[in-house]
Amino acid sequence: MIQQPFYSFNTYLREKFGQRVHRISLNAGFNCPNLDGKLSKEGCIYCNNAAFGIYVTTPKPLKIQIEDSIAYYKKKFKVTKFIAYFQAFSNTYAPIEVLKKTYDIIKNFDEIVGLFISTRPDCINEEIMSLISSYQKNYLVWVEYGLQTTHNNVLKTLNRNHTFEDFLIALDLARKFKINVGVHIILGLPFLNYNETVQDAQRLSQLDIQGIKFHILHVLKNTKLEKLYCEGKIKLLTKEEYIKIICDFIERIPKDFVILRLISSADKNYLVAPLWMNDKISIINEITKEFKRRGTFQGYFVG
Ligand code: SF4
């Protein structure tokens, strides 16, 4: 097997479980305070949850989602272990009893070995974190926070309605319970220059986080970003620029941060640009080749 110049999620899972583990994306039917009017009704300027297969307004019952996915991936990839990934919207944004009932669904499936919960940094508190922590006895548990950048002025422009400081508080809370934390970062954000992106990597590398999930800024139909893009007010990264910047970023984060994902994908029916982003395998290969060409690897520039 080719030695990867970064610590991939697959490698991490194989180390933990000694075999391939597949992550099942779930829609538990939660909402988001940035969409339901609590903070805003417009959402983040790039948000169109319909663009992801699982983000349908009326999802199937969770049990069916899990059964269908397990059956599909067992047949397709011959995997026997799975992670339940609560991905759609903000998965801690509900009363504690609802959250417990929702997460408890995994107890019905012997094949599930992990619980991953994606949420906003301002949708968490001690009680919820304690509940999430209770699953650590029997499952691999991670919380993923959508951060996108450490720069508050850019978070404001994106209409995220939370700050980097909110994230730091949420991070401390998770680590108090020894829960693994993954951070979502978007590369190619408008109004963020190259040096500020490098600063994102440097700031994150100082923190007690366990993984990073990379997204590329992409334009989806029916979003404010689409309007800005069509008016020529924002520019998207080319494939070559993305490969360069993600390598620069990974060189500046510690070797033990798990790279939860190298690039996002989107439903082609909703994707406006860049269209090349869905060619994931080729992009991952190009990133690996670029590290080889540079002779560098994850953590190369870390102290
Ligand atoms: S926090 Fe997530 S779900 Fe909520 S508006 Fe932003 S991208 Fe959409």
# chains A, B, ... in the order shown; residues from 1 in each chain; ligands from 1
>>> residues_around(residues="Asn31 in chain A", least_positions_apart="5", cutoff="7 Å", atoms="only C-alpha atoms", output="VMD selection string")
chain A and resid 36 89 to 90 93
>>> residues_around(residues="range 231-246 of chain A", least_positions_apart="6", cutoff="8 Å", atoms="only C-alpha atoms", output="list of chain:residue names")
A:Leu187, A:Gly188, A:Pro190, A:Ile216, A:Leu217, A:His218, A:Ala273, A:Pro274, A:Trp276, A:Met277, A:Ile283, A:Glu286, A:Ile287, A:Glu290
>>> residues_near_ligand(ligand="ligand 1", cutoff="10 Å", atoms="only C-alpha atoms and all ligand atoms", output="PyMOL selection string")
chain A and resi 30-36+39-49+55+87-91+118-123+145-148+158-162
>>> atom_distance(atom1="CA of Asn193 in chain A", atom2="CA of Glu251 in chain A")
17.8 Å
>>> closest_residue(among="A:Asn180, A:Thr163, A:Thr157, A:Thr197", to="Trp142 in chain A", atoms="only C-alpha atoms")
A:Asn180
>>> select_by_dssp(residues="range 75-154 of chain A", states="strand (DSSP E or B)", output="mmCIF file with C-alpha atoms, in the first residue's frame")
data_model
loop_
_atom_site.group_PDB
_atom_site.id
_atom_site.type_symbol
_atom_site.label_atom_id
_atom_site.label_comp_id
_atom_site.auth_asym_id
_atom_site.auth_seq_id
_atom_site.Cartn_x
_atom_site.Cartn_y
_atom_site.Cartn_z
ATOM 1 C CA LYS A 81 -18.769 -2.262 11.022
ATOM 2 C CA PHE A 82 -20.369 1.167 10.796
ATOM 3 C CA ILE A 83 -20.377 4.612 12.311
ATOM 4 C CA ALA A 84 -23.671 6.429 12.763
ATOM 5 C CA TYR A 85 -23.012 9.958 11.562
ATOM 6 C CA PHE A 86 -25.681 12.471 12.528
ATOM 7 C CA ILE A 112 -22.555 0.171 14.795
ATOM 8 C CA VAL A 113 -19.293 0.881 16.576
ATOM 9 C CA GLY A 114 -19.182 4.669 16.491
ATOM 10 C CA LEU A 115 -21.288 7.752 17.052
ATOM 11 C CA PHE A 116 -20.370 10.977 15.238
ATOM 12 C CA ILE A 117 -22.417 14.104 15.843
ATOM 13 C CA SER A 118 -22.126 17.197 13.705
ATOM 14 C CA THR A 119 -23.311 20.512 15.098
ATOM 15 C CA LEU A 140 -16.082 5.610 19.364
ATOM 16 C CA VAL A 141 -17.509 9.108 19.852
ATOM 17 C CA TRP A 142 -16.692 12.307 17.997
ATOM 18 C CA VAL A 143 -18.338 15.704 17.890
ATOM 19 C CA GLU A 144 -17.800 17.692 14.697
ATOM 20 C CA TYR A 145 -18.114 21.462 14.917
ATOM 21 C CA GLY A 146 -18.759 23.616 11.891
ATOM 22 C CA LEU A 147 -16.225 26.410 12.232
ATOM 23 C CA GLN A 148 -15.135 27.142 8.625
#
>>> residues_around(residues="Ile284 in chain A", least_positions_apart="2", cutoff="12 Å", atoms="only C-alpha atoms", output="number ranges by chain")
A: 4-6, 8, 214, 239, 242-243, 246-247, 259, 261-264, 277-282, 286-291
>>> select_by_dssp(residues="range 106-188 of chain A", states="helix (DSSP H, G or I)", output="VMD selection string")
chain A and resid 106 to 108 126 to 137 152 to 157 164 to 176
